[in-house]
>>> print(open('target_15.csv').read())   # CSV, C-alpha atoms
chain,number,residue,atom,x,y,z
A,1,MET,CA,148.5,-40.5,47.2
A,2,THR,CA,152.1,-41.3,46.2
A,3,ALA,CA,154.8,-39.1,47.9
A,4,GLN,CA,156.8,-36.9,45.5
A,5,VAL,CA,160.5,-36.1,45.6
A,6,THR,CA,161.9,-32.9,44.0
A,7,LEU,CA,165.5,-32.8,43.1
A,8,GLU,CA,167.4,-29.7,42.0
A,9,ILE,CA,170.8,-30.0,40.3
A,10,HIS,CA,173.5,-28.3,38.4
A,11,ALA,CA,175.9,-30.3,36.2
A,12,GLU,CA,178.2,-29.5,33.3
A,13,ALA,CA,180.7,-31.0,31.0
A,14,ALA,CA,183.4,-29.3,28.9
A,15,GLY,CA,185.9,-30.4,26.3
A,16,HIS,CA,188.2,-29.2,23.5
A,17,ILE,CA,187.0,-29.5,19.9
A,18,ALA,CA,189.5,-29.2,17.1
A,19,ALA,CA,187.4,-26.7,15.0
A,20,GLY,CA,186.7,-23.0,14.8
A,21,ARG,CA,183.8,-21.2,16.6
A,22,ALA,CA,181.7,-20.9,13.5
A,23,ASP,CA,182.0,-24.7,12.9
A,24,VAL,CA,181.0,-25.5,16.5
A,25,TRP,CA,178.2,-23.0,16.4
A,26,ALA,CA,176.8,-24.4,13.2
A,27,VAL,CA,176.2,-27.8,14.8
A,28,VAL,CA,175.2,-26.6,18.3
A,29,ALA,CA,172.6,-24.2,17.0
A,30,ASP,CA,171.1,-26.7,14.5
A,31,LEU,CA,168.3,-28.6,16.2
A,32,SER,CA,168.5,-31.4,13.6
A,33,ARG,CA,172.0,-32.2,14.8
A,34,ARG,CA,171.3,-32.4,18.5
A,35,PRO,CA,172.5,-35.7,20.1
A,36,ASN,CA,169.6,-38.1,21.0
A,37,LEU,CA,167.0,-36.1,19.1
A,38,THR,CA,164.3,-38.2,17.5
A,39,SER,CA,162.1,-35.3,16.1
A,40,TRP,CA,161.4,-31.6,16.4
A,41,LYS,CA,158.8,-29.1,15.3
A,42,LEU,CA,159.3,-25.3,15.4
A,43,LEU,CA,156.4,-23.7,17.3
A,44,THR,CA,157.3,-20.0,17.2
A,45,GLY,CA,160.0,-17.8,15.9
A,46,VAL,CA,163.1,-18.6,13.9
A,47,TRP,CA,165.5,-21.1,15.5
A,48,PRO,CA,167.9,-20.2,17.3
A,49,ASP,CA,166.7,-16.6,17.7
A,50,GLU,CA,165.7,-15.5,21.2
A,51,THR,CA,162.1,-16.5,22.1
A,52,ALA,CA,161.9,-19.2,19.4
A,53,GLN,CA,160.2,-22.3,20.7
A,54,ALA,CA,160.3,-25.9,19.5
A,55,ARG,CA,158.6,-29.1,20.5
A,56,VAL,CA,161.4,-31.7,20.8
A,57,ALA,CA,161.4,-35.4,21.3
A,58,MET,CA,164.6,-36.9,22.8
A,59,ASN,CA,165.7,-40.5,23.1
A,60,LYS,CA,166.5,-41.0,26.8
A,61,GLY,CA,167.4,-44.7,26.5
A,62,GLU,CA,164.5,-46.4,28.2
A,63,PHE,CA,162.0,-43.8,27.2
A,64,GLU,CA,161.3,-40.8,24.9
A,65,MET,CA,161.0,-37.4,26.5
A,66,VAL,CA,158.9,-34.8,24.7
A,67,ARG,CA,159.6,-31.2,25.8
A,68,ILE,CA,159.3,-27.6,24.8
A,69,GLU,CA,162.5,-25.7,24.3
A,70,THR,CA,162.6,-21.9,24.4
A,71,VAL,CA,165.7,-19.9,23.4
A,72,ILE,CA,166.4,-17.6,26.3
A,73,ARG,CA,169.7,-16.2,25.0
A,74,CYS,CA,171.5,-16.5,21.7
A,75,VAL,CA,174.9,-14.9,21.1
A,76,THR,CA,176.0,-16.2,17.7
A,77,LYS,CA,179.2,-18.3,17.9
A,78,ALA,CA,179.3,-17.9,21.7
A,79,GLN,CA,176.2,-19.0,23.7
A,80,LEU,CA,172.9,-20.7,23.3
A,81,LEU,CA,170.8,-20.8,26.5
A,82,LEU,CA,167.5,-22.8,26.4
A,83,LYS,CA,164.7,-23.2,28.8
A,84,ILE,CA,163.5,-26.8,28.8
A,85,GLU,CA,160.0,-27.7,30.0
A,86,ALA,CA,158.8,-31.3,30.2
A,87,PRO,CA,155.7,-31.2,32.4
A,88,GLU,CA,154.7,-34.7,31.6
A,89,TRP,CA,158.0,-35.8,33.3
A,90,GLY,CA,157.8,-33.2,36.1
A,91,SER,CA,160.9,-31.5,34.8
A,92,THR,CA,162.1,-28.0,34.1
A,93,GLY,CA,165.6,-27.0,33.2
A,94,TRP,CA,168.0,-24.6,31.6
A,95,LEU,CA,170.5,-25.9,29.1
A,96,ASP,CA,173.5,-23.7,28.4
A,97,HIS,CA,176.0,-24.2,25.5
A,98,ARG,CA,179.1,-21.9,25.7
A,99,ILE,CA,181.8,-21.8,23.0
A,100,GLU,CA,185.2,-20.2,23.7
A,101,GLU,CA,188.4,-20.2,21.6
A,102,GLU,CA,191.0,-22.5,23.0
A,103,ASN,CA,194.4,-23.7,21.7
A,104,GLY,CA,193.7,-23.5,18.0
A,105,GLY,CA,190.1,-24.8,18.4
A,106,CYS,CA,187.3,-24.3,20.8
A,107,ARG,CA,186.2,-25.3,24.3
A,108,LEU,CA,182.5,-26.3,24.4
A,109,THR,CA,180.9,-26.2,27.8
A,110,ILE,CA,177.4,-27.7,28.2
A,111,GLY,CA,175.7,-27.0,31.5
A,112,VAL,CA,172.3,-27.8,32.9
A,113,ILE,CA,170.3,-26.6,35.9
A,114,ALA,CA,167.3,-28.9,36.4
A,115,VAL,CA,164.4,-29.3,38.7
A,116,ALA,CA,162.6,-32.6,38.5
A,117,THR,CA,159.8,-34.1,40.6
A,118,PHE,CA,159.6,-37.9,40.8
A,119,PRO,CA,157.2,-40.3,42.5
A,120,GLU,CA,159.1,-41.5,45.6
A,121,GLY,CA,161.3,-44.5,44.6
A,122,ALA,CA,160.8,-43.9,40.8
A,123,GLY,CA,163.7,-41.5,40.1
A,124,PRO,CA,167.3,-41.2,41.2
A,125,ALA,CA,167.9,-42.0,44.8
A,126,SER,CA,169.5,-38.7,45.6
A,127,ARG,CA,170.5,-35.3,44.3
A,128,ASP,CA,174.1,-36.5,43.9
A,129,GLU,CA,172.9,-39.4,41.8
A,130,TYR,CA,170.7,-37.2,39.6
A,131,ALA,CA,173.6,-34.7,39.1
A,132,ALA,CA,175.9,-37.6,38.2
A,133,LEU,CA,173.4,-39.0,35.7
A,134,SER,CA,173.0,-35.5,34.2
A,135,ARG,CA,176.8,-35.0,34.0
A,136,GLN,CA,177.1,-38.4,32.2
A,137,GLY,CA,174.5,-37.4,29.7
A,138,LEU,CA,176.2,-34.1,29.1
A,139,GLU,CA,179.6,-35.8,28.6
A,140,GLN,CA,178.0,-38.2,26.1
A,141,ALA,CA,176.4,-35.3,24.2
A,142,LEU,CA,179.7,-33.4,24.2
A,143,GLU,CA,181.4,-36.4,22.6
A,144,VAL,CA,178.7,-36.7,19.9
A,145,TYR,CA,179.1,-33.0,19.1
A,146,ARG,CA,182.9,-33.4,19.0
A,147,ARG,CA,182.7,-36.3,16.5
A,148,ARG,CA,180.1,-34.5,14.3
A,149,ILE,CA,182.0,-31.3,14.2
A,150,GLU,CA,185.5,-32.7,13.7
A,151,ALA,CA,184.1,-35.1,11.0
A,152,ASP,CA,182.6,-32.0,9.2
A,153,ALA,CA,186.0,-30.2,9.4
A,154,ASP,CA,187.8,-33.1,7.6
>>> encode(input="target_15.csv", output="structure tokens")
Amino acid sequence: MTAQVTLEIHAEAAGHIAAGRADVWAVVADLSRRPNLTSWKLLTGVWPDETAQARVAMNKGEFEMVRIETVIRCVTKAQLLLKIEAPEWGSTGWLDHRIEEENGGCRLTIGVIAVATFPEGAGPASRDEYAALSRQGLEQALEVYRRRIEADAD
């Protein structure tokens, strides 16, 4: 039997977007505009209402991750908190998007708390490496959101 390693992390990225809260919310709350999304299917509810669920496929570079996303908290124009379950990948997480007014635009903060189990030697070497990789992914997503939102505002 292969030994398993479980890593638990928290990571976040934040940045200014030159757009109003409604514009930022319109993109963050729209599944079809999610960075790295390859497909999605609504399973229950009305997205992004609380308890809505969707099956989502994400391009993770070297592989595609299929996961179930459930809306845990939805505060229009302020917060979208999702529970992410990817049992095939040994992963559960909570993805939080927070929007705050800042200097004539908004500050978008994307945070993740994740618990992932990897076969020993198959995943990140340490909790710090996993957190750094997660932070890098969040920073890339934030930049994609910024470009999409600011392009819409032009």
>>> atom_distance(input="target_15.csv", atom1="CA of Gly104 in chain A", atom2="CA of Leu142 in chain A")
18.2 Å
>>> closest_residue(input="target_15.csv", among="A:Gly105, A:Pro119, A:Gly61, A:Gly93", to="His10 in chain A", atoms="only C-alpha atoms")
A:Gly93
>>> atom_distance(input="target_15.csv", atom1="CA of Val144 in chain A", atom2="CA of Leu43 in chain A")
25.9 Å
>>> residues_around(input="target_15.csv", residues="Phe63 in chain A", least_positions_apart="6", cutoff="12 Å", atoms="all atoms listed in the file", output="MDAnalysis selection string")
chainID A and resid 36 38 57 89
>>> write_last_selection(input="target_15.csv", atoms="C-alpha atoms", output="PDB file, in the frame of the given file")
ATOM      1  CA  ASN A  36     169.600 -38.100  21.000  1.00  0.00           C
ATOM      2  CA  THR A  38     164.300 -38.200  17.500  1.00  0.00           C
ATOM      3  CA  ALA A  57     161.400 -35.400  21.300  1.00  0.00           C
ATOM      4  CA  TRP A  89     158.000 -35.800  33.300  1.00  0.00           C
TER       5      TRP A  89
END
>>> closest_residue(input="target_15.csv", among="A:Pro48, A:Thr70, A:Ala122, A:Gln136", to="Ala26 in chain A", atoms="only C-alpha atoms")
A:Pro48
>>> residues_around(input="target_15.csv", residues="range 150-152 of chain A", least_positions_apart="5", cutoff="8 Å", atoms="all atoms listed in the file", output="ChimeraX atom specification")
/A:17-19
>>> residues_around(input="target_15.csv", residues="Ala54 in chain A", least_positions_apart="4", cutoff="9 Å", atoms="only C-alpha atoms", output="list in words")
Trp40, Lys41, Leu42, Leu43, Thr44, Gly45, Trp47, Arg67, Ile68, Glu69, Thr70 and Val71 of chain A
>>> closest_residue(input="target_15.csv", among="A:Gly15, A:Gly121, A:Gly90, A:Gly111", to="Tyr145 in chain A", atoms="only C-alpha atoms")
A:Gly15
>>> residues_around(input="target_15.csv", residues="Leu37 in chain A", least_positions_apart="5", cutoff="10 Å", atoms="all atoms listed in the file", output="list in words")
Leu31, Ser32, Val56, Ala57, Met58, Asn59, Lys60, Glu64, Met65 and Val66 of chain A
>>> residues_around(input="target_15.csv", residues="Phe118 in chain A", least_positions_apart="6", cutoff="9 Å", atoms="all atoms listed in the file", output="PyMOL selection string")
chain A and resi 3-7+89-91+124
>>> closest_residue(input="target_15.csv", among="A:Lys83, A:Lys77, A:Arg148, A:Arg98", to="Ala52 in chain A", atoms="all atoms listed in the file")
A:Lys83
>>> closest_residue(input="target_15.csv", among="A:Ala86, A:Ala78, A:Ala125, A:Ile113", to="Glu8 in chain A", atoms="all atoms listed in the file")
A:Ile113
>>> closest_residue(input="target_15.csv", among="A:Ile110, A:Leu82, A:Ile72, A:Val115", to="Ala11 in chain A", atoms="only C-alpha atoms")
A:Ile110
>>> atom_distance(input="target_15.csv", atom1="CA of Ile99 in chain A", atom2="CA of Ser39 in chain A")
24.9 Å
